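Student: So I've got this file, run34.cif, and it contains mmCIF, C-alpha atoms:
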```cif
data_run
loop_
_atom_site.label_atom_id
_atom_site.label_comp_id
_atom_site.auth_asym_id
_atom_site.auth_seq_id
_atom_site.Cartn_x
_atom_site.Cartn_y
_atom_site.Cartn_z
CA MET U 268 -42.31 -13.49 30.33
CA ALA U 269 -39.47 -13.36 27.82
CA ARG U 270 -39.78 -10.74 25.10
CA ARG U 271 -40.40 -12.06 21.61
CA GLN U 272 -37.61 -11.58 19.11
CA TRP U 273 -38.51 -10.39 15.64
CA LEU U 274 -36.87 -11.00 12.31
CA GLN U 275 -37.89 -8.24 9.91
CA LEU U 276 -37.31 -8.86 6.23
CA ILE U 277 -37.24 -5.94 3.77
CA SER U 278 -36.86 -6.83 0.10
CA ASN U 279 -35.59 -4.33 -2.47
CA PRO U 280 -36.61 -1.08 -0.73
CA PRO U 281 -36.84 1.84 -3.17
CA VAL U 282 -33.94 4.28 -3.32
CA ASN U 283 -35.72 7.49 -2.35
CA ASP U 284 -36.94 8.97 0.92
CA HIS U 285 -37.40 5.43 2.28
CA THR U 286 -33.63 5.05 2.18
CA ILE U 287 -33.32 7.80 4.81
CA ILE U 288 -35.86 6.01 7.00
CA ILE U 289 -33.97 2.73 6.64
CA ARG U 290 -30.72 4.40 7.65
CA GLU U 291 -32.28 6.03 10.71
CA GLU U 292 -34.50 3.15 11.89
CA VAL U 293 -32.40 0.14 10.90
CA SER U 294 -28.79 1.24 10.68
CA GLY U 295 -28.93 2.82 14.10
CA ARG U 296 -29.88 -0.49 15.72
CA LEU U 297 -28.16 -2.95 13.42
CA ARG U 298 -25.14 -4.76 14.79
CA TYR U 299 -22.98 -7.59 13.55
CA VAL U 300 -25.11 -10.74 13.43
CA PRO U 301 -23.27 -13.59 11.65
CA LEU U 302 -25.21 -16.08 9.58
CA ALA U 303 -26.80 -18.98 11.47
CA VAL U 304 -26.02 -17.43 14.84
CA HIS U 305 -28.89 -16.77 17.25
CA SER U 306 -29.29 -13.21 18.53
CA ASP U 307 -31.25 -12.07 21.59
CA ASP U 308 -32.07 -8.85 19.76
CA ASP U 309 -34.47 -8.17 16.95
CA ALA U 310 -32.83 -8.72 13.57
CA PHE U 311 -33.25 -6.92 10.27
CA TRP U 312 -32.50 -8.46 6.87
CA LEU U 313 -32.50 -6.25 3.77
CA ALA U 314 -32.28 -7.74 0.28
CA THR U 315 -31.12 -5.06 -2.13
CA HIS U 316 -29.26 -4.29 -5.34
CA SER U 317 -28.79 -0.65 -4.30
CA ALA U 318 -25.26 0.56 -3.56
CA ASP U 319 -26.77 3.53 -1.76
CA ILE U 320 -28.53 1.26 0.74
CA VAL U 321 -25.50 -1.02 1.11
CA GLY U 322 -23.43 2.06 1.88
CA ALA U 323 -25.61 2.80 4.92
CA PHE U 324 -24.08 -0.14 6.78
CA GLN U 325 -20.68 -1.20 7.98
CA PRO U 326 -18.99 -3.87 5.80
CA GLU U 327 -19.32 -6.61 8.45
CA CYS U 328 -23.11 -6.14 8.38
CA ILE U 329 -23.19 -6.96 4.65
CA VAL U 330 -23.77 -10.47 3.32
CA ALA U 331 -22.80 -11.06 -0.31
CA VAL U 332 -24.45 -13.87 -2.27
CA HIS U 333 -22.30 -15.24 -5.10
CA GLY U 334 -22.90 -17.79 -7.83
CA GLN U 335 -24.06 -21.28 -6.89
CA GLY U 336 -25.33 -20.03 -3.54
CA HIS U 337 -21.90 -19.20 -2.09
CA VAL U 338 -22.40 -16.68 0.71
CA THR U 339 -19.75 -14.53 2.43
CA GLN U 340 -19.86 -12.19 5.40
CA PRO U 341 -16.76 -10.60 6.96
CA ALA U 342 -16.00 -11.24 10.62
CA ALA U 343 -16.81 -8.58 13.20
CA ASP U 344 -14.16 -5.85 13.57
CA PHE U 345 -12.08 -7.23 10.68
CA LEU U 346 -11.12 -3.67 9.73
CA SER U 347 -9.08 -1.27 11.82
CA ASP U 348 -10.44 2.26 12.29
CA ASP U 349 -7.99 3.57 9.67
CA ASP U 350 -8.92 0.83 7.19
CA ARG U 351 -12.60 1.55 7.78
CA MET U 352 -12.12 5.20 6.83
CA VAL U 353 -10.30 4.22 3.64
CA VAL U 354 -13.00 1.85 2.38
CA HIS U 355 -16.05 3.83 3.51
CA TRP U 356 -16.05 6.33 0.60
CA TRP U 357 -16.03 3.53 -1.89
CA VAL U 358 -18.47 1.07 -0.39
CA ARG U 359 -21.05 3.84 -0.42
CA ASP U 360 -20.72 4.18 -4.18
CA LYS U 361 -20.15 0.65 -5.44
CA LEU U 362 -21.93 -2.64 -5.11
CA GLU U 363 -20.63 -4.56 -8.12
CA PRO U 364 -17.32 -5.78 -6.59
CA LEU U 365 -19.14 -7.60 -3.78
CA THR U 366 -20.50 -10.15 -6.25
CA ALA U 367 -17.63 -10.12 -8.78
CA ARG U 368 -15.64 -13.19 -9.79
CA HIS U 369 -12.42 -11.23 -9.38
CA VAL U 370 -11.40 -7.71 -8.30
CA ILE U 371 -8.58 -5.60 -9.75
CA ALA U 372 -7.42 -2.68 -7.60
CA VAL U 373 -5.47 0.17 -9.23
CA GLU U 374 -3.96 3.33 -7.78
CA GLY U 375 -6.36 5.85 -9.29
CA VAL U 376 -8.79 6.92 -12.00
CA SER U 377 -6.10 7.39 -14.65
CA ASP U 378 -4.91 3.81 -14.18
CA ARG U 379 -8.50 2.59 -14.37
CA ILE U 380 -8.97 4.32 -17.74
CA ILE U 381 -5.89 2.66 -19.24
CA VAL U 382 -6.65 -0.79 -17.81
CA GLU U 383 -10.20 -0.68 -19.20
CA ALA U 384 -8.93 0.45 -22.61
CA VAL U 385 -6.31 -2.32 -22.77
CA SER U 386 -8.73 -5.01 -21.63
CA ASN U 387 -11.31 -4.01 -24.26
CA LEU U 388 -8.80 -3.71 -27.11
CA THR U 389 -7.27 -7.11 -26.35
CA GLY U 390 -10.63 -8.90 -26.25
CA ARG U 391 -10.86 -9.27 -22.48
CA ASN U 392 -13.81 -7.12 -21.51
CA LEU U 393 -13.87 -7.00 -17.73
CA ASP U 394 -17.66 -6.94 -17.37
CA ARG U 395 -18.00 -10.04 -19.54
CA LEU U 396 -15.37 -11.82 -17.46
CA GLY U 397 -17.07 -10.90 -14.19
CA ILE U 398 -14.11 -8.76 -13.11
CA SER U 399 -14.66 -5.56 -11.15
CA LEU U 400 -12.11 -2.76 -11.43
CA VAL U 401 -11.78 -0.38 -8.49
CA GLU U 402 -9.51 2.59 -7.98
CA THR U 403 -7.97 3.64 -4.70
CA ASP U 404 -6.48 6.96 -3.71
CA GLY U 405 -2.96 5.66 -4.19
CA ALA U 406 -1.05 2.53 -3.27
CA GLY U 407 -1.23 3.44 0.41
CA ASP U 408 -4.88 2.36 0.43
CA MET U 409 -4.24 -1.11 -0.97
CA ARG U 410 -4.03 -2.84 2.41
CA ALA U 411 -7.56 -1.76 3.34
CA ILE U 412 -8.90 -2.89 -0.04
CA VAL U 413 -7.18 -6.28 0.32
CA LYS U 414 -8.71 -6.66 3.78
CA LEU U 415 -12.15 -5.78 2.47
CA PHE U 416 -12.13 -8.20 -0.46
CA GLY U 417 -9.56 -10.77 0.63
CA LYS U 418 -9.97 -13.83 2.81
CA SER U 419 -10.59 -11.78 5.95
CA GLY U 420 -13.42 -9.93 4.19
CA PHE U 421 -15.65 -10.99 1.29
CA ASP U 422 -13.20 -13.67 0.12
CA ILE U 423 -13.03 -12.52 -3.51
CA PRO U 424 -9.84 -13.15 -5.53
CA ILE U 425 -8.04 -9.82 -5.88
CA SER U 426 -5.17 -8.52 -8.00
CA LEU U 427 -3.23 -5.30 -7.47
CA LEU U 428 -1.56 -3.05 -10.03
CA ILE U 429 0.94 -0.62 -8.50
CA ASP U 430 3.73 1.70 -9.62
CA LYS U 431 7.37 0.78 -9.07
CA ASP U 432 7.82 3.43 -6.38
CA ALA U 433 5.13 1.72 -4.28
CA VAL U 434 6.81 -1.70 -4.19
CA ALA U 435 8.57 -1.36 -0.83
CA LYS U 436 5.58 0.15 1.00
CA THR U 437 3.17 -2.38 -0.48
CA ALA U 438 5.41 -5.26 0.53
CA ALA U 439 5.66 -3.91 4.08
CA LYS U 440 1.96 -3.16 4.52
CA LEU U 441 0.77 -6.49 3.11
CA GLY U 442 3.57 -8.55 4.63
CA VAL U 443 4.42 -9.95 1.20
CA PRO U 444 8.04 -9.83 -0.03
CA GLU U 445 8.54 -8.55 -3.56
CA SER U 446 9.77 -11.99 -4.61
CA ASP U 447 6.28 -13.35 -3.83
CA PHE U 448 4.31 -10.63 -5.66
CA GLY U 449 3.55 -12.93 -8.59
CA ARG U 450 2.12 -15.66 -6.35
CA ASN U 451 -0.07 -13.05 -4.66
CA SER U 452 -1.29 -11.48 -7.93
CA ILE U 453 0.51 -8.17 -7.38
CA TYR U 454 1.76 -6.54 -10.59
CA VAL U 455 4.14 -3.62 -10.98
CA SER U 456 4.18 -1.00 -13.75
CA ASP U 457 7.70 0.08 -14.72
CA ARG U 458 8.07 2.95 -13.79
CA ASP U 459 4.34 3.58 -13.93
CA LEU U 460 1.57 3.31 -16.53
CA GLU U 461 2.48 6.72 -17.92
CA ALA U 462 5.98 5.46 -18.73
CA GLU U 463 4.58 2.24 -20.20
CA TYR U 464 1.99 3.84 -22.46
CA VAL U 465 4.38 6.52 -23.73
CA ASN U 466 6.89 3.78 -24.52
CA ALA U 467 4.16 1.78 -26.31
CA LEU U 468 2.93 4.68 -28.44
CA GLY U 469 6.05 6.81 -28.76
CA ALA U 470 6.64 10.23 -27.25
CA ASN U 471 5.86 12.04 -30.50
CA SER U 472 2.47 10.38 -31.01
CA VAL U 473 1.36 11.01 -27.44
CA TRP U 474 2.49 14.61 -27.48
CA LYS U 475 0.81 15.34 -30.83
CA ALA U 476 -2.46 14.01 -29.40
CA ILE U 477 -2.09 16.18 -26.30
CA GLU U 478 -1.32 19.23 -28.45
CA GLY U 479 -4.41 18.56 -30.53
CA SER U 480 -6.68 18.01 -27.54
CA THR U 481 -8.93 20.71 -26.09
CA LEU U 482 -8.47 19.11 -22.66
CA PHE U 483 -5.20 21.03 -22.19
CA SER U 484 -4.62 24.77 -22.36
CA PRO U 485 -1.57 26.29 -24.11
CA ASN U 486 -0.19 27.30 -20.71
CA GLU U 487 -0.46 23.73 -19.45
CA ARG U 488 1.24 22.30 -22.53
CA ALA U 489 4.06 24.83 -22.09
CA ASN U 490 4.97 23.05 -18.84
CA CYS U 491 6.25 20.00 -20.69
CA ASP U 492 10.05 19.86 -20.87
CA ALA U 493 11.84 19.23 -24.14
CA SER U 494 15.22 17.89 -23.01
CA GLY U 495 16.16 15.95 -26.15
CA PRO U 496 18.45 17.08 -28.96
CA ASP U 497 17.20 20.18 -30.81
CA GLY U 498 14.36 20.62 -28.31
CA ILE U 499 12.76 17.23 -28.95
CA ARG U 500 10.52 15.90 -26.20
CA THR U 501 11.81 12.57 -24.96
CA GLU U 502 9.70 9.70 -23.62
CA GLU U 503 10.57 10.75 -20.08
CA ASP U 504 9.59 14.37 -20.81
CA VAL U 505 6.15 13.33 -22.05
CA ALA U 506 5.63 10.72 -19.34
CA ALA U 507 6.56 13.29 -16.67
CA PHE U 508 3.97 15.67 -18.10
CA CYS U 509 1.29 12.96 -18.17
CA ARG U 510 1.89 11.83 -14.57
CA GLN U 511 1.38 15.30 -13.09
CA LYS U 512 -1.38 15.16 -10.50
CA LYS U 513 -2.25 18.86 -10.45
CA LYS U 514 -5.56 19.77 -12.02
CA ALA U 515 -6.19 16.11 -12.90
CA CYS U 516 -3.51 16.13 -15.60
CA LYS U 517 -3.00 12.38 -15.10
CA VAL U 518 -6.67 11.67 -15.77
CA ARG U 519 -6.90 13.93 -18.81
CA SER U 520 -3.72 12.43 -20.25
CA ALA U 521 -5.12 8.93 -19.79
CA MET U 522 -8.33 9.95 -21.57
CA VAL U 523 -6.32 11.18 -24.57
CA VAL U 524 -4.08 8.11 -24.65
CA ALA U 525 -7.01 5.70 -24.41
CA THR U 526 -8.22 6.95 -27.81
CA LEU U 527 -4.77 6.39 -29.37
CA LEU U 528 -4.30 2.79 -28.33
CA THR U 529 -4.83 -0.04 -30.81
CA GLU U 530 -4.83 -3.76 -30.15
CA SER U 531 -1.16 -4.04 -31.08
CA THR U 532 0.00 -1.11 -28.95
CA ALA U 533 -2.25 -2.15 -26.07
CA ARG U 534 -0.56 -5.55 -25.99
CA THR U 535 2.83 -3.89 -25.40
CA ILE U 536 1.77 -2.40 -22.06
CA SER U 537 3.33 -5.28 -20.21
CA SER U 538 2.15 -4.87 -16.61
CA ILE U 539 -1.54 -4.80 -17.57
CA ASN U 540 -1.19 -7.70 -19.97
CA ARG U 541 0.59 -9.85 -17.41
CA LEU U 542 -2.23 -9.17 -14.97
CA LEU U 543 -4.95 -9.90 -17.53
CA ASP U 544 -3.18 -13.04 -18.78
CA ASP U 545 -3.18 -14.31 -15.22
CA ILE U 546 -6.80 -13.72 -14.25
CA ALA U 547 -8.52 -14.10 -17.63
CA ALA U 548 -7.00 -17.51 -18.39
#
```
Could you quickly redo this structure as structure tokens?

Tutor:
Amino acid sequence: MARRQWLQLISNPPVNDHTIIIREEVSGRLRYVPLAVHSDDDAFWLATHSADIVGAFQPECIVAVHGQGHVTQPAADFLSDDDRMVVHWWVRDKLEPLTARHVIAVEGVSDRIIVEAVSNLTGRNLDRLGISLVETDGAGDMRAIVKLFGKSGFDIPISLLIDKDAVAKTAAKLGVPESDFGRNSIYVSDRDLEAEYVNALGANSVWKAIEGSTLFSPNERANCDASGPDGIRTEEDVAAFCRQKKKACKVRSAMVVATLLTESTARTISSINRLLDDIAA
């Protein structure tokens, strides 16, 4: 006699010790089962709003339900092993992008801080617009993020914001020539957001704020060059200081700058405004 197949439905399991049980009992036996396809094995369906539970499963085992009943599920093995490693850290921590109207991917936390500040100051709050902002660990991870959210994954419109030095690698990895970046919603900061925000605010204003901030020690501030006439710090001097990656200098600089921006100065950061003009229209 044929064995009965079971469909087990679990709705909104609590995020506590039960999560461990779900990972051990369900995740260990769960495989890719596309919607409306019969399986000879028992099937498990979990309905959840918990990113922790979602993170227990591979992306192709996740079904996202969007507005008006639109449902997406990536195909089996749509990610390479390298891509899977890139996205794993982030899927475990975030659920919001899976049901967003649009996703913006930036190169890191410092870029995220500035994009959020500009969007809020210019009246385009990302949460209100249904836009999810995610940071990668550099432009090298963009291909995996595009696969995850793009048409081969959850089919969510996605925009990228990259630095100028990442243009060639991004074009090669995505198979998109630079001349087609605009049509593919890829935006480039010139040279990077540090250069753009220092240009918008002025080197003197940014440096005064850094000098007055407790986020930087005197020894750290002493590392900023002053190559202008009479020891004046130029825009490039200040931008170079702000883009330093050691000891999270980039992030701390972005935190200071975010408090300096006004609506008028925020609107002069061209790469972010071009991106927002495109997707918020």

Student: Evaluate the PyMOL selection byres ((chain U and resi 345) around 9) here and jot the selected residues down as a PyMOL selection string.

Tutor: chain U and resi 327+341-344+346-347+414-415+419-420

Student: Report as a PyMOL selection string the full result of the PyMOL selection byres ((chain U and resi 437) around 10) when it is applied to this structure.

Tutor: chain U and resi 406-410+427+429+432-436+438-445+448+453

Student: Go ahead and write the residues just picked, C-alpha atoms, as an mmCIF file, in the coordinates of the input.

Tutor:
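Printed below is again.cif as written:
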```
data_model
loop_
_atom_site.group_PDB
_atom_site.id
_atom_site.type_symbol
_atom_site.label_atom_id
_atom_site.label_comp_id
_atom_site.auth_asym_id
_atom_site.auth_seq_id
_atom_site.Cartn_x
_atom_site.Cartn_y
_atom_site.Cartn_z
ATOM 1 C CA ALA U 406 -1.050 2.530 -3.270
ATOM 2 C CA GLY U 407 -1.230 3.440 0.410
ATOM 3 C CA ASP U 408 -4.880 2.360 0.430
ATOM 4 C CA MET U 409 -4.240 -1.110 -0.970
ATOM 5 C CA ARG U 410 -4.030 -2.840 2.410
ATOM 6 C CA LEU U 427 -3.230 -5.300 -7.470
ATOM 7 C CA ILE U 429 0.940 -0.620 -8.500
ATOM 8 C CA ASP U 432 7.820 3.430 -6.380
ATOM 9 C CA ALA U 433 5.130 1.720 -4.280
ATOM 10 C CA VAL U 434 6.810 -1.700 -4.190
ATOM 11 C CA ALA U 435 8.570 -1.360 -0.830
ATOM 12 C CA LYS U 436 5.580 0.150 1.000
ATOM 13 C CA ALA U 438 5.410 -5.260 0.530
ATOM 14 C CA ALA U 439 5.660 -3.910 4.080
ATOM 15 C CA LYS U 440 1.960 -3.160 4.520
ATOM 16 C CA LEU U 441 0.770 -6.490 3.110
ATOM 17 C CA GLY U 442 3.570 -8.550 4.630
ATOM 18 C CA VAL U 443 4.420 -9.950 1.200
ATOM 19 C CA PRO U 444 8.040 -9.830 -0.030
ATOM 20 C CA GLU U 445 8.540 -8.550 -3.560
ATOM 21 C CA PHE U 448 4.310 -10.630 -5.660
ATOM 22 C CA ILE U 453 0.510 -8.170 -7.380
#
```

Student: For the PyMOL selection byres ((chain U and resi 459-461) around 10), applied here, can you spell out every residue it catches as a ChimeraX atom specification?

Tutor: /U:377-378,381-382,428-433,455-458,462-467,502-503,505-511,517,520-521,524,536-539

Student: Do you have the atom CA of U:Gln325-atom CA of U:Leu393 distance handy?

Tutor: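 Taking atom CA of U:Gln325 as the start and atom CA of U:Leu393 as the end point, the length is 27.2 Å.
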
Student: Would you compute the distance between atom CA of U:Leu542 and atom CA of U:Gly469? Give it in Å to one decimal.

Tutor: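 Distance between the two atoms: 22.7 Å.
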
Student: May I ask for the distance between atom CA of U:Asp492 and atom CA of U:Thr529, given in Å to one decimal place?

Tutor: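 About the pair atom CA of U:Asp492 and atom CA of U:Thr529: they are 26.8 Å apart.
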